[in-house]
file target.cif (mmCIF, C-alpha atoms)
data_coords
loop_
_atom_site.label_atom_id
_atom_site.label_comp_id
_atom_site.auth_asym_id
_atom_site.auth_seq_id
_atom_site.Cartn_x
_atom_site.Cartn_y
_atom_site.Cartn_z
CA ARG A 93 225.72 104.52 104.47
CA SER A 94 226.71 104.43 108.12
CA MET A 95 223.87 102.01 108.90
CA ALA A 96 224.89 99.83 105.95
CA ARG A 97 228.54 99.46 106.97
CA ALA A 98 229.66 95.98 108.01
CA GLY A 99 227.85 95.35 111.25
CA ASN A 100 229.44 92.87 113.62
CA ARG A 101 232.64 92.36 111.63
CA MET A 102 235.32 93.43 114.08
CA PRO A 103 238.32 95.04 112.34
CA PRO A 104 241.56 93.03 112.76
CA GLU A 105 243.23 95.85 114.70
CA VAL A 106 240.35 95.89 117.20
CA SER A 107 240.46 92.12 117.72
CA LEU A 108 244.04 92.53 118.99
CA LEU A 109 242.96 94.89 121.78
CA PRO A 110 242.15 93.80 125.36
CA GLN A 111 238.68 92.33 125.93
CA ASP A 112 237.30 95.45 127.62
CA LYS A 113 238.30 97.61 124.65
CA GLN A 114 236.79 95.10 122.21
CA GLN A 115 233.54 95.32 124.20
CA LYS A 116 233.70 99.11 124.07
CA TRP A 117 234.08 98.93 120.28
CA SER A 118 231.10 96.57 120.06
CA ASP A 119 228.94 98.81 122.29
CA THR A 120 229.92 101.90 120.31
CA ASN A 121 229.12 100.15 117.04
CA SER A 122 225.69 99.19 118.37
CA ASN A 123 225.07 102.73 119.63
CA ARG A 124 225.92 104.01 116.15
CA MET A 125 222.98 101.95 114.86
CA VAL A 126 220.69 103.33 117.58
CA MET A 127 221.53 106.94 116.84
CA GLY A 128 221.38 106.29 113.09
CA ALA A 129 217.79 105.14 113.53
CA PHE A 130 216.85 108.26 115.49
CA VAL A 131 218.54 110.61 113.01
CA LEU A 132 216.66 108.97 110.13
CA ALA A 133 213.44 109.17 112.13
CA PHE A 134 213.98 112.90 112.55
CA LEU A 135 214.98 113.61 108.95
CA ARG A 136 212.07 111.58 107.47
CA ASN A 137 213.74 111.50 104.06
CA ASP A 138 212.27 108.79 101.84
CA ALA A 139 215.48 108.78 99.77
CA VAL A 140 216.98 106.35 102.31
CA ILE A 141 214.32 103.68 101.81
CA GLU A 142 215.96 101.70 99.02
CA GLU A 143 219.24 101.40 100.92
CA ALA A 144 217.34 100.40 104.06
CA LYS A 145 215.50 97.68 102.14
CA LYS A 146 218.82 96.28 100.92
CA ILE A 147 220.04 96.01 104.52
CA LEU A 148 216.87 94.26 105.66
CA LEU A 149 216.99 91.80 102.77
CA ARG A 150 220.53 90.63 103.44
CA PRO A 151 220.41 86.84 103.89
CA LYS A 152 222.04 86.97 107.34
CA PRO A 153 221.90 90.56 108.60
CA TRP A 154 223.55 91.53 111.86
CA VAL A 155 220.81 91.66 114.49
CA HIS A 156 221.45 95.31 115.51
CA GLN A 157 221.65 96.40 111.89
CA PHE A 158 218.39 94.66 111.06
CA MET A 159 216.50 95.84 114.14
CA HIS A 160 217.51 99.50 114.01
CA THR A 161 217.08 99.78 110.25
CA ALA A 162 213.53 98.44 110.58
CA ASN A 163 212.91 100.76 113.54
CA ALA A 164 214.20 103.72 111.51
CA LEU A 165 211.62 103.10 108.77
CA GLY A 166 208.87 102.56 111.36
CA LEU A 167 209.75 105.71 113.29
CA MET A 168 209.98 107.81 110.12
CA GLY A 169 206.29 107.06 109.75
CA THR A 170 205.96 108.27 106.18
CA PRO A 171 203.57 106.42 103.85
CA ALA A 172 206.54 105.26 101.77
CA SER A 173 208.67 104.08 104.73
CA THR A 174 205.91 102.12 106.43
CA THR A 175 204.77 100.58 103.13
CA ALA A 176 208.38 99.61 102.43
CA LEU A 177 208.42 97.46 105.59
CA MET A 178 205.42 95.50 104.36
CA ASP A 179 207.03 95.19 100.91
CA VAL A 180 210.19 93.75 102.51
CA PHE A 181 208.05 91.33 104.51
CA ASP A 182 206.42 90.09 101.30
CA VAL A 183 209.79 89.62 99.57
CA MET A 184 211.03 87.62 102.56
CA GLY A 185 207.96 85.42 102.12
CA THR A 186 208.93 84.64 98.53
CA GLN A 187 212.42 83.79 99.84
CA LYS A 188 210.86 81.48 102.46
CA ASN A 189 212.70 83.44 105.14
CA THR A 190 210.15 83.00 107.93
CA LEU A 191 212.63 83.83 110.69
CA ASN A 192 213.40 87.28 109.31
CA GLN A 193 209.70 87.86 108.63
CA ALA A 194 208.97 87.19 112.30
CA ASN A 195 211.85 89.42 113.38
CA LEU A 196 210.54 92.23 111.16
CA LEU A 197 207.18 92.38 112.95
CA THR A 198 208.48 94.82 115.58
CA GLY A 199 209.48 97.35 112.94
CA ILE A 200 206.31 96.77 110.93
CA THR A 201 203.97 97.27 113.88
CA LEU A 202 206.05 100.21 115.11
CA GLY A 203 205.23 101.94 111.83
CA LEU A 204 201.78 100.41 111.39
CA THR A 205 199.18 102.95 110.29
CA PRO A 206 195.42 102.75 109.79
CA ALA A 207 196.05 102.78 106.03
CA LEU A 208 198.15 99.59 106.29
CA LEU A 209 195.95 97.81 108.83
CA ALA A 210 194.03 95.67 106.33
CA ARG A 211 197.22 94.63 104.53
CA TYR A 212 198.90 93.71 107.83
CA GLU A 213 195.94 91.61 108.90
CA ALA A 214 195.83 89.77 105.60
CA SER A 215 199.60 89.21 105.49
CA VAL A 216 200.17 88.41 109.17
CA VAL A 217 197.27 88.12 111.59
CA ASN A 218 194.80 86.18 109.45
CA LEU A 219 197.15 83.90 107.53
CA PRO A 220 195.64 80.43 106.86
CA ILE A 221 197.10 77.96 109.37
CA ASP A 222 194.49 75.17 109.70
CA GLU A 223 195.67 71.98 108.08
CA ASN A 224 193.50 69.96 105.72
CA PRO A 225 193.99 66.25 104.97
CA ALA A 226 193.94 67.13 101.28
CA ASP A 227 196.83 69.62 101.63
CA THR A 228 199.88 69.05 99.46
CA GLU A 229 203.34 68.93 101.01
CA GLU A 230 203.95 72.52 99.88
CA GLN A 231 200.66 73.67 101.43
CA ARG A 232 201.63 72.02 104.72
CA ARG A 233 205.01 73.77 104.60
CA VAL A 234 203.37 77.13 103.94
CA LYS A 235 200.87 76.68 106.77
CA SER A 236 203.65 75.65 109.14
CA ALA A 237 205.53 78.85 108.25
CA ASN A 238 202.29 80.81 108.62
CA ARG A 239 201.83 79.45 112.15
CA ASP A 240 205.27 80.72 113.12
CA ILE A 241 204.39 84.19 111.84
CA VAL A 242 200.92 84.26 113.43
CA GLU A 243 202.37 83.11 116.77
CA SER A 244 205.05 85.81 116.58
CA SER A 245 202.39 88.43 115.88
CA GLN A 246 200.75 87.46 119.18
CA ASP A 247 203.85 88.32 121.21
CA SER A 248 203.03 91.17 123.54
CA LEU A 249 204.92 93.95 121.72
CA PRO A 250 203.61 93.50 118.15
CA LEU A 251 200.20 92.63 119.57
CA GLY A 252 200.20 95.77 121.72
CA TYR A 253 201.18 97.98 118.79
CA TYR A 254 198.69 96.35 116.40
CA SER A 255 195.86 96.40 118.95
CA THR A 256 196.33 100.13 119.51
CA VAL A 257 195.95 100.91 115.81
CA LYS A 258 193.06 98.46 115.52
CA ALA A 259 191.26 100.21 118.39
CA CYS A 260 191.94 103.81 117.39
CA GLY A 261 192.18 103.77 113.62
CA ALA A 262 192.65 107.28 112.23
CA ASP A 263 191.27 109.11 115.28
CA PRO A 264 193.97 111.24 116.98
CA ALA A 265 191.71 111.80 120.00
CA CYS A 266 191.67 108.06 120.68
CA TYR A 267 195.47 107.85 120.81
CA ILE A 268 195.64 110.94 123.02
CA GLY A 269 193.00 109.36 125.23
CA LYS A 270 195.19 106.29 125.67
CA LEU A 271 198.04 108.49 126.86
CA GLU A 272 195.79 110.48 129.17
CA ALA A 273 194.39 107.27 130.65
CA GLU A 274 197.90 106.16 131.72
CA LYS A 275 199.14 109.55 132.92
CA GLY A 276 200.08 109.28 136.58
CA LYS A 277 199.87 105.46 136.45
CA LEU A 278 203.15 104.49 134.80
CA ALA A 279 204.97 103.55 137.99
CA GLU A 280 201.99 101.50 139.15
CA LEU A 281 201.73 99.78 135.76
CA ARG A 282 205.40 98.81 135.89
CA VAL A 283 204.90 97.32 139.36
CA GLN A 284 201.89 95.39 138.10
CA VAL A 285 203.94 93.99 135.22
CA GLY A 286 206.67 92.94 137.67
CA ASP A 287 204.14 91.27 139.95
CA ALA A 288 202.61 89.47 136.96
CA ILE A 289 206.03 88.19 135.90
CA GLN A 290 206.57 86.84 139.41
CA ALA A 291 203.15 85.18 139.29
CA VAL A 292 204.13 83.40 136.07
CA GLU A 293 207.42 82.26 137.63
CA LYS A 294 205.64 80.95 140.73
CA ALA A 295 203.12 79.12 138.56
CA GLN A 296 206.00 77.49 136.66
CA VAL A 297 207.51 76.24 139.92
CA ALA A 298 204.13 74.90 141.08
CA LEU A 299 203.61 73.27 137.69
CA GLY A 300 206.95 71.51 137.97
CA GLU A 301 205.93 70.02 141.31
CA LYS A 302 202.51 69.05 139.97
CA LEU A 303 203.99 67.31 136.93
CA LYS A 304 206.76 65.51 138.81
CA PRO A 305 204.77 62.26 139.41
CA MET A 306 203.66 62.25 135.78
CA ARG A 307 207.24 62.71 134.58
CA GLU A 308 208.42 59.86 136.78
CA GLU A 309 205.65 57.56 135.56
CA TYR A 310 206.34 58.52 131.96
CA MET A 311 210.08 57.83 132.29
CA THR A 312 209.34 54.44 133.86
CA LEU A 313 207.24 53.56 130.85
CA VAL A 314 209.93 54.84 128.48
CA LYS A 315 212.43 52.55 130.18
CA LYS A 316 210.11 49.59 129.66
CA ILE A 317 209.67 50.39 125.98
CA ASP A 318 213.45 50.71 125.56
CA GLU A 319 213.89 47.29 127.18
CA TRP A 320 211.19 45.66 125.03
CA LYS A 321 212.26 46.96 121.61
CA PRO A 322 215.41 44.79 121.22
CA LEU A 323 213.54 41.78 122.64
CA ILE A 324 210.75 42.18 120.11
CA ILE A 325 213.27 42.23 117.26
CA LYS A 326 215.11 39.25 118.72
CA LEU A 327 212.08 37.06 119.49
CA ARG A 328 209.86 37.95 116.52
CA GLU A 329 211.11 35.09 114.29
CA SER A 330 211.83 32.57 117.05
CA LYS A 331 210.43 29.01 116.68
CA ILE A 332 210.96 28.20 120.35
CA LYS A 333 207.61 28.14 122.17
CA ALA A 334 208.95 29.73 125.36
CA GLU A 335 210.37 32.63 123.36
CA GLN A 336 207.15 32.90 121.32
CA ASP A 337 205.18 33.12 124.57
CA GLN A 338 207.55 35.79 125.86
CA TYR A 339 207.17 37.70 122.56
CA ASN A 340 203.38 37.58 122.75
CA LEU A 341 203.44 38.75 126.37
CA ILE A 342 205.62 41.74 125.50
CA VAL A 343 203.47 42.65 122.47
CA ASP A 344 200.31 42.47 124.61
CA GLN A 345 201.85 45.01 126.99
CA TYR A 346 203.61 47.18 124.40
CA ASN A 347 200.64 48.92 122.76
CA PRO A 348 198.77 49.60 126.04
CA THR A 349 202.01 51.09 127.42
CA ILE A 350 202.32 53.41 124.41
CA GLU A 351 198.66 54.43 124.90
CA GLN A 352 199.34 55.13 128.58
CA MET A 353 202.30 57.33 127.64
CA GLU A 354 200.11 59.27 125.23
CA LYS A 355 197.48 59.75 127.95
CA ILE A 356 200.14 61.10 130.30
CA GLN A 357 201.28 63.56 127.62
CA VAL A 358 197.71 64.75 127.07
CA GLU A 359 197.17 65.15 130.82
CA ARG A 360 200.46 67.00 131.22
CA ALA A 361 199.41 69.45 128.50
CA ARG A 362 196.00 69.91 130.11
CA VAL A 363 197.46 70.60 133.56
CA ALA A 364 200.09 72.95 132.11
CA ASP A 365 197.43 74.90 130.24
CA GLU A 366 195.18 75.03 133.31
CA MET A 367 197.95 76.30 135.59
CA MET A 368 199.90 78.56 133.21
CA LYS A 369 197.28 80.11 130.95
CA PRO A 370 195.67 82.47 133.53
CA PRO A 371 198.92 84.07 134.80
CA ARG A 372 200.35 84.29 131.30
CA GLU A 373 197.23 85.94 129.94
CA ALA A 374 197.20 88.38 132.87
CA LEU A 375 200.84 89.27 132.15
CA LYS A 376 200.21 89.68 128.43
CA ALA A 377 197.23 91.99 129.06
CA LEU A 378 199.45 94.29 131.14
CA GLN A 379 202.26 94.17 128.60
CA VAL A 380 199.87 94.98 125.76
CA ARG A 381 198.68 97.98 127.77
CA PHE A 382 202.33 98.89 128.44
CA TYR A 383 203.22 98.78 124.75
CA GLY A 384 200.02 100.55 123.79
CA VAL A 385 201.39 103.70 125.43
CA GLU A 386 204.48 103.48 123.23
CA LYS A 387 202.48 102.96 120.06
CA ALA A 388 200.14 105.84 120.82
CA VAL A 389 202.95 108.40 120.98
CA VAL A 390 204.69 107.00 117.88
CA THR A 391 201.47 107.09 115.86
CA LEU A 392 200.65 110.63 116.94
CA ALA A 393 204.13 111.70 115.80
CA ALA A 394 203.24 110.69 112.22
CA MET A 395 199.52 111.50 112.12
CA ASP A 396 197.78 114.47 110.53
CA GLY A 397 195.14 116.47 112.38
CA VAL A 398 196.85 116.34 115.80
CA ASP A 399 196.59 119.31 118.16
CA HIS A 400 200.26 119.47 119.11
CA ASP A 401 199.75 122.47 121.39
CA LYS A 402 197.61 120.16 123.53
CA LEU A 403 199.66 117.01 123.04
CA TYR A 404 203.18 118.38 123.53
CA PRO A 405 202.79 119.20 127.26
CA LEU A 406 201.18 115.79 127.82
CA VAL A 407 204.10 113.94 126.22
CA ILE A 408 206.60 116.00 128.22
CA SER A 409 204.71 115.21 131.42
CA MET A 410 204.63 111.48 130.70
CA PHE A 411 208.27 111.50 129.60
CA HIS A 412 209.17 113.00 132.96
CA GLU A 413 206.98 110.49 134.77
CA ALA A 414 208.48 107.48 132.96
CA SER A 415 211.52 105.93 134.64
CA PRO A 416 214.64 106.02 132.40
CA THR A 417 215.34 102.38 133.28
CA GLN A 418 211.84 100.90 133.32
CA TYR A 419 210.42 102.90 130.40
CA LEU A 420 213.50 103.42 128.26
CA GLN A 421 211.79 102.43 125.01
CA PHE A 422 208.78 104.65 125.68
CA ARG A 423 211.17 107.52 126.35
CA GLN A 424 213.04 106.80 123.12
CA TRP A 425 209.85 106.85 121.07
CA ALA A 426 208.47 109.88 122.95
CA PHE A 427 211.69 111.78 122.27
CA VAL A 428 211.18 111.18 118.54
CA TYR A 429 207.91 113.07 118.95
CA LEU A 430 209.47 115.81 121.11
CA GLU A 431 212.26 116.39 118.57
CA ARG A 432 209.95 116.36 115.59
CA PHE A 433 207.59 118.98 116.97
CA ALA A 434 210.01 121.09 119.01
CA THR A 435 209.72 124.81 118.29
CA PRO A 436 211.15 127.93 119.94
CA ALA A 437 207.70 128.51 121.41
CA ARG A 438 207.85 125.10 123.17
CA ARG A 439 211.39 125.58 124.43
CA ALA A 440 210.35 126.71 127.91
CA ALA A 441 208.59 123.40 128.56
CA LEU A 442 211.64 121.51 127.30
CA GLU A 443 213.91 123.53 129.58
CA GLU A 444 211.83 122.53 132.60
CA LEU A 445 212.20 118.92 131.52
CA TYR A 446 215.95 119.43 131.11
CA LYS A 447 216.25 120.65 134.71
CA SER A 448 214.65 117.49 136.08
CA GLU A 449 216.62 115.22 133.75
CA LYS A 450 219.90 116.88 134.69
CA ILE A 451 219.59 115.84 138.35
CA ASN A 452 218.68 112.25 137.46
CA PRO A 453 221.90 110.19 137.21
CA MET A 454 220.10 107.61 135.04
CA ALA A 455 219.01 110.23 132.48
CA GLN A 456 222.37 111.49 131.19
CA TYR A 457 221.64 110.20 127.70
CA PHE A 458 218.44 112.24 127.45
CA THR A 459 220.09 115.26 129.05
CA LEU A 460 222.64 115.19 126.25
CA ARG A 461 219.96 114.83 123.58
CA LEU A 462 217.99 117.74 125.05
CA HIS A 463 221.17 119.82 125.02
CA HIS A 464 221.59 119.20 121.29
CA LEU A 465 217.90 119.86 120.72
CA PHE A 466 218.32 123.30 122.30
CA ALA A 467 221.27 123.96 120.00
CA ARG A 468 219.06 123.21 117.03
CA LEU A 469 216.30 125.48 118.34
CA ASP A 470 218.86 128.25 118.78
CA ARG A 471 219.56 128.02 115.06
CA GLN A 472 215.89 128.43 114.27
CA LYS A 473 214.47 131.89 113.95
CA ALA A 474 211.94 132.55 116.69
CA PRO A 475 208.49 133.52 115.39
CA GLU A 476 207.78 137.25 115.36
#

call {"tool": "encode", "arguments": {"input": "target.cif", "output": "structure tokens"}}
result
Amino acid sequence: RSMARAGNRMPPEVSLLPQDKQQKWSDTNSNRMVMGAFVLAFLRNDAVIEEAKKILLRPKPWVHQFMHTANALGLMGTPASTTALMDVFDVMGTQKNTLNQANLLTGITLGLTPALLARYEASVVNLPIDENPADTEEQRRVKSANRDIVESSQDSLPLGYYSTVKACGADPACYIGKLEAEKGKLAELRVQVGDAIQAVEKAQVALGEKLKPMREEYMTLVKKIDEWKPLIIKLRESKIKAEQDQYNLIVDQYNPTIEQMEKIQVERARVADEMMKPPREALKALQVRFYGVEKAVVTLAAMDGVDHDKLYPLVISMFHEASPTQYLQFRQWAFVYLERFATPARRAALEELYKSEKINPMAQYFTLRLHHLFARLDRQKAPE
């Protein structure tokens, strides 16, 4: 019910407050959504699914409401909650709500399981997008919408999450192996991502310089076309020979000029692809690897057959290694795992983590959550 309350509708009494207090209200309201998602992820109660689906299917949901409700179902990781996300996606398709379908892909892939992999591929990754001359107008519309969804699925986060499940399937050892492969490398990986982002930015600057002469030539031709169009209309029906000659001269130049403009556009696209594709692909490969770490820990939190006595210390170690600012989302997802499988027997390892978090000024949020986790463990009866 808290998640379903009016999202970004600021109460009248709040709108009368100073701007800084309005911002505080907005931040607090957003944080309520964040914590609501994590509470639901911990409780894993399928009774909330129908209400969550209603929120997601609102015609114009508030972005934080939509995102954190979808994340809650994905993080719950139950067969019913993850299937519900795909069901909502299908309903949005019948409503022709492509934008919300694309926005739902983060939640869907966050909760994606091996059992849902084939359905996800059929509904998202492998949608028909190639146009056919015989297509009806409705078929062209559908394929255009499909292209938007397929392109969104290739963004680094949903691609990273999907690729991890595609690679590991139902094998817990594979997901653990992905975590072990990145242990001790998280800081280096973040630097590599930063360097790759800079490489893309530098390539964009170089591309701008490279395309400058083409842009100038293209604009010169556009100016000519703009000058000729009214003359063509004016002279087309003229009976005066001089004006007919002028008309014929313009027409003789008009089509070759249009063809030249098209050639420039094709060349611009070729140069842009040649200069931007390598750095962008290099960046995406690193980001997919980055997000693969997140997906591995989320999947293991919902998977049967996992040796948690082996995995728990590994997740704690990587949580400690991950910067609170550069790996905030990984830490959020990892904490879902740590909460879900915390026991009195694992408290000592959590207390060591708490000590290191307590001296990190950027980790106050997680220090507080660990404090409340200890309170819960205190209420549990220690095993005899």

call {"tool": "closest_atom_pairs", "arguments": {"input": "target.cif", "of": "region 160-195 of chain A", "to": "region 111-131 of chain A", "cutoff": "9 Å", "atoms": "all atoms listed in the file", "output": "Markdown table"}}
result
| residue | atom | partner | partner_atom | distance |
| --- | --- | --- | --- | --- |
| A:His160 | CA | A:Ala129 | CA | 5.7 |
| A:Thr161 | CA | A:Ala129 | CA | 6.3 |
| A:Ala162 | CA | A:Ala129 | CA | 8.5 |
| A:Asn163 | CA | A:Ala129 | CA | 6.6 |
| A:Ala164 | CA | A:Ala129 | CA | 4.4 |
| A:Leu165 | CA | A:Ala129 | CA | 8.1 |
| A:Leu167 | CA | A:Phe130 | CA | 7.9 |
| A:Met168 | CA | A:Phe130 | CA | 8.7 |

call {"tool": "write_last_selection", "arguments": {"input": "target.cif", "atoms": "C-alpha atoms", "output": "mmCIF file, in the coordinates of the input"}}
result
data_model
loop_
_atom_site.group_PDB
_atom_site.id
_atom_site.type_symbol
_atom_site.label_atom_id
_atom_site.label_comp_id
_atom_site.auth_asym_id
_atom_site.auth_seq_id
_atom_site.Cartn_x
_atom_site.Cartn_y
_atom_site.Cartn_z
ATOM 1 C CA HIS A 160 217.510 99.500 114.010
ATOM 2 C CA THR A 161 217.080 99.780 110.250
ATOM 3 C CA ALA A 162 213.530 98.440 110.580
ATOM 4 C CA ASN A 163 212.910 100.760 113.540
ATOM 5 C CA ALA A 164 214.200 103.720 111.510
ATOM 6 C CA LEU A 165 211.620 103.100 108.770
ATOM 7 C CA LEU A 167 209.750 105.710 113.290
ATOM 8 C CA MET A 168 209.980 107.810 110.120
#

call {"tool": "closest_atom_pairs", "arguments": {"input": "target.cif", "of": "region 234-294 of chain A", "to": "region 205-210 of chain A", "cutoff": "7 Å", "atoms": "only C-alpha atoms", "output": "JSON lines"}}
result
{"residue": "A:Val257", "atom": "CA", "partner": "A:Pro206", "partner_atom": "CA", "distance": 6.3}
{"residue": "A:Gly261", "atom": "CA", "partner": "A:Pro206", "partner_atom": "CA", "distance": 5.1}
{"residue": "A:Ala262", "atom": "CA", "partner": "A:Pro206", "partner_atom": "CA", "distance": 5.8}

call {"tool": "atom_distance", "arguments": {"input": "target.cif", "atom1": "CA of Pro264 (chain A)", "atom2": "CA of Ala388 (chain A)"}}
result
9.1 Å

call {"tool": "resolve_selection", "arguments": {"input": "target.cif", "expression": "the PyMOL selection byres ((chain A and resi 246) around 12)", "output": "PyMOL selection string"}}
result
chain A and resi 194+197-198+201+216-218+239-245+247-255+373+376-377+379-380

call {"tool": "closest_residue", "arguments": {"input": "target.cif", "among": "A:Val428, A:Arg150, A:His412, A:Pro171", "to": "Tyr446 (chain A)", "atoms": "all atoms listed in the file"}}
result
A:His412

call {"tool": "residues_around", "arguments": {"input": "target.cif", "residues": "Asp470 (chain A)", "least_positions_apart": "2", "cutoff": "12 Å", "atoms": "only C-alpha atoms", "output": "PyMOL selection string"}}
result
chain A and resi 434-437+439+463-468+472-474

call {"tool": "atom_distance", "arguments": {"input": "target.cif", "atom1": "CA of Asp138 (chain A)", "atom2": "CA of Thr170 (chain A)"}}
result
7.7 Å

call {"tool": "closest_residue", "arguments": {"input": "target.cif", "among": "A:Lys402, A:Lys188, A:Lys387, A:Lys355", "to": "Asn238 (chain A)", "atoms": "all atoms listed in the file"}}
result
A:Lys188

call {"tool": "resolve_selection", "arguments": {"input": "target.cif", "expression": "the PyMOL selection byres ((chain A and resi 266-271) around 10)", "output": "PyMOL selection string"}}
result
chain A and resi 256-257+259-265+272-276+381+384-392+398-399+402-403+406-407+410

call {"tool": "resolve_selection", "arguments": {"input": "target.cif", "expression": "the PyMOL selection byres ((chain A and resi 313) around 12)", "output": "list in words"}}
result
Met306, Arg307, Glu308, Glu309, Tyr310, Met311, Thr312, Val314, Lys315, Lys316, Ile317, Asp318, Glu319, Trp320, Gln345, Tyr346, Asn347, Pro348, Thr349, Ile350, Glu351, Gln352, Met353, Glu354, Lys355 and Ile356 of chain A

call {"tool": "closest_atom_pairs", "arguments": {"input": "target.cif", "of": "region 243-290 of chain A", "to": "region 413-418 of chain A", "cutoff": "12 Å", "atoms": "only C-alpha atoms", "output": "JSON lines"}}
result
{"residue": "A:Glu274", "atom": "CA", "partner": "A:Glu413", "partner_atom": "CA", "distance": 10.5}
{"residue": "A:Lys275", "atom": "CA", "partner": "A:Glu413", "partner_atom": "CA", "distance": 8.1}
{"residue": "A:Gly276", "atom": "CA", "partner": "A:Glu413", "partner_atom": "CA", "distance": 7.2}
{"residue": "A:Lys277", "atom": "CA", "partner": "A:Glu413", "partner_atom": "CA", "distance": 8.9}
{"residue": "A:Leu278", "atom": "CA", "partner": "A:Ala414", "partner_atom": "CA", "distance": 6.4}
{"residue": "A:Ala279", "atom": "CA", "partner": "A:Ala414", "partner_atom": "CA", "distance": 7.3}
{"residue": "A:Glu280", "atom": "CA", "partner": "A:Ala414", "partner_atom": "CA", "distance": 10.8}
{"residue": "A:Leu281", "atom": "CA", "partner": "A:Gln418", "partner_atom": "CA", "distance": 10.5}
{"residue": "A:Arg282", "atom": "CA", "partner": "A:Gln418", "partner_atom": "CA", "distance": 7.2}
{"residue": "A:Val283", "atom": "CA", "partner": "A:Gln418", "partner_atom": "CA", "distance": 9.9}
{"residue": "A:Val285", "atom": "CA", "partner": "A:Gln418", "partner_atom": "CA", "distance": 10.7}
{"residue": "A:Gly286", "atom": "CA", "partner": "A:Gln418", "partner_atom": "CA", "distance": 10.4}

call {"tool": "write_last_selection", "arguments": {"input": "target.cif", "atoms": "C-alpha atoms", "output": "PDB file, keeping the file's coordinate frame"}}
result
ATOM      1  CA  GLU A 274     197.900 106.160 131.720  1.00  0.00           C
ATOM      2  CA  LYS A 275     199.140 109.550 132.920  1.00  0.00           C
ATOM      3  CA  GLY A 276     200.080 109.280 136.580  1.00  0.00           C
ATOM      4  CA  LYS A 277     199.870 105.460 136.450  1.00  0.00           C
ATOM      5  CA  LEU A 278     203.150 104.490 134.800  1.00  0.00           C
ATOM      6  CA  ALA A 279     204.970 103.550 137.990  1.00  0.00           C
ATOM      7  CA  GLU A 280     201.990 101.500 139.150  1.00  0.00           C
ATOM      8  CA  LEU A 281     201.730  99.780 135.760  1.00  0.00           C
ATOM      9  CA  ARG A 282     205.400  98.810 135.890  1.00  0.00           C
ATOM     10  CA  VAL A 283     204.900  97.320 139.360  1.00  0.00           C
ATOM     11  CA  VAL A 285     203.940  93.990 135.220  1.00  0.00           C
ATOM     12  CA  GLY A 286     206.670  92.940 137.670  1.00  0.00           C
TER      13      GLY A 286
END

call {"tool": "closest_residue", "arguments": {"input": "target.cif", "among": "A:Tyr383, A:Leu445, A:Ala133, A:Gln296", "to": "Phe422 (chain A)", "atoms": "only C-alpha atoms"}}
result
A:Tyr383

call {"tool": "axis_aligned_box", "arguments": {"input": "target.cif", "around": "region 129-141 of chain A", "padding_each_side": "8 Å", "output": "AutoDock Vina command-line options"}}
result
--center_x 215.3 --center_y 108.6 --center_z 107.6 --size_x 22.5 --size_y 25.9 --size_z 31.7

call {"tool": "atom_distance", "arguments": {"input": "target.cif", "atom1": "CA of Gln421 (chain A)", "atom2": "CA of Trp154 (chain A)"}}
result
20.7 Å

call {"tool": "residues_around", "arguments": {"input": "target.cif", "residues": "region 297-304 of chain A", "least_positions_apart": "5", "cutoff": "9 Å", "atoms": "only C-alpha atoms", "output": "compact mmCIF listing (two decimals) with C-alpha atoms, keeping the file's coordinate frame"}}
result
# COMPACT_ATOMS: atom_id res chain seq x y z
CA VAL A 292 204.13 83.40 136.07
CA GLU A 309 205.65 57.56 135.56
CA ARG A 360 200.46 67.00 131.22
CA VAL A 363 197.46 70.60 133.56
CA ALA A 364 200.09 72.95 132.11
CA MET A 367 197.95 76.30 135.59
CA MET A 368 199.90 78.56 133.21
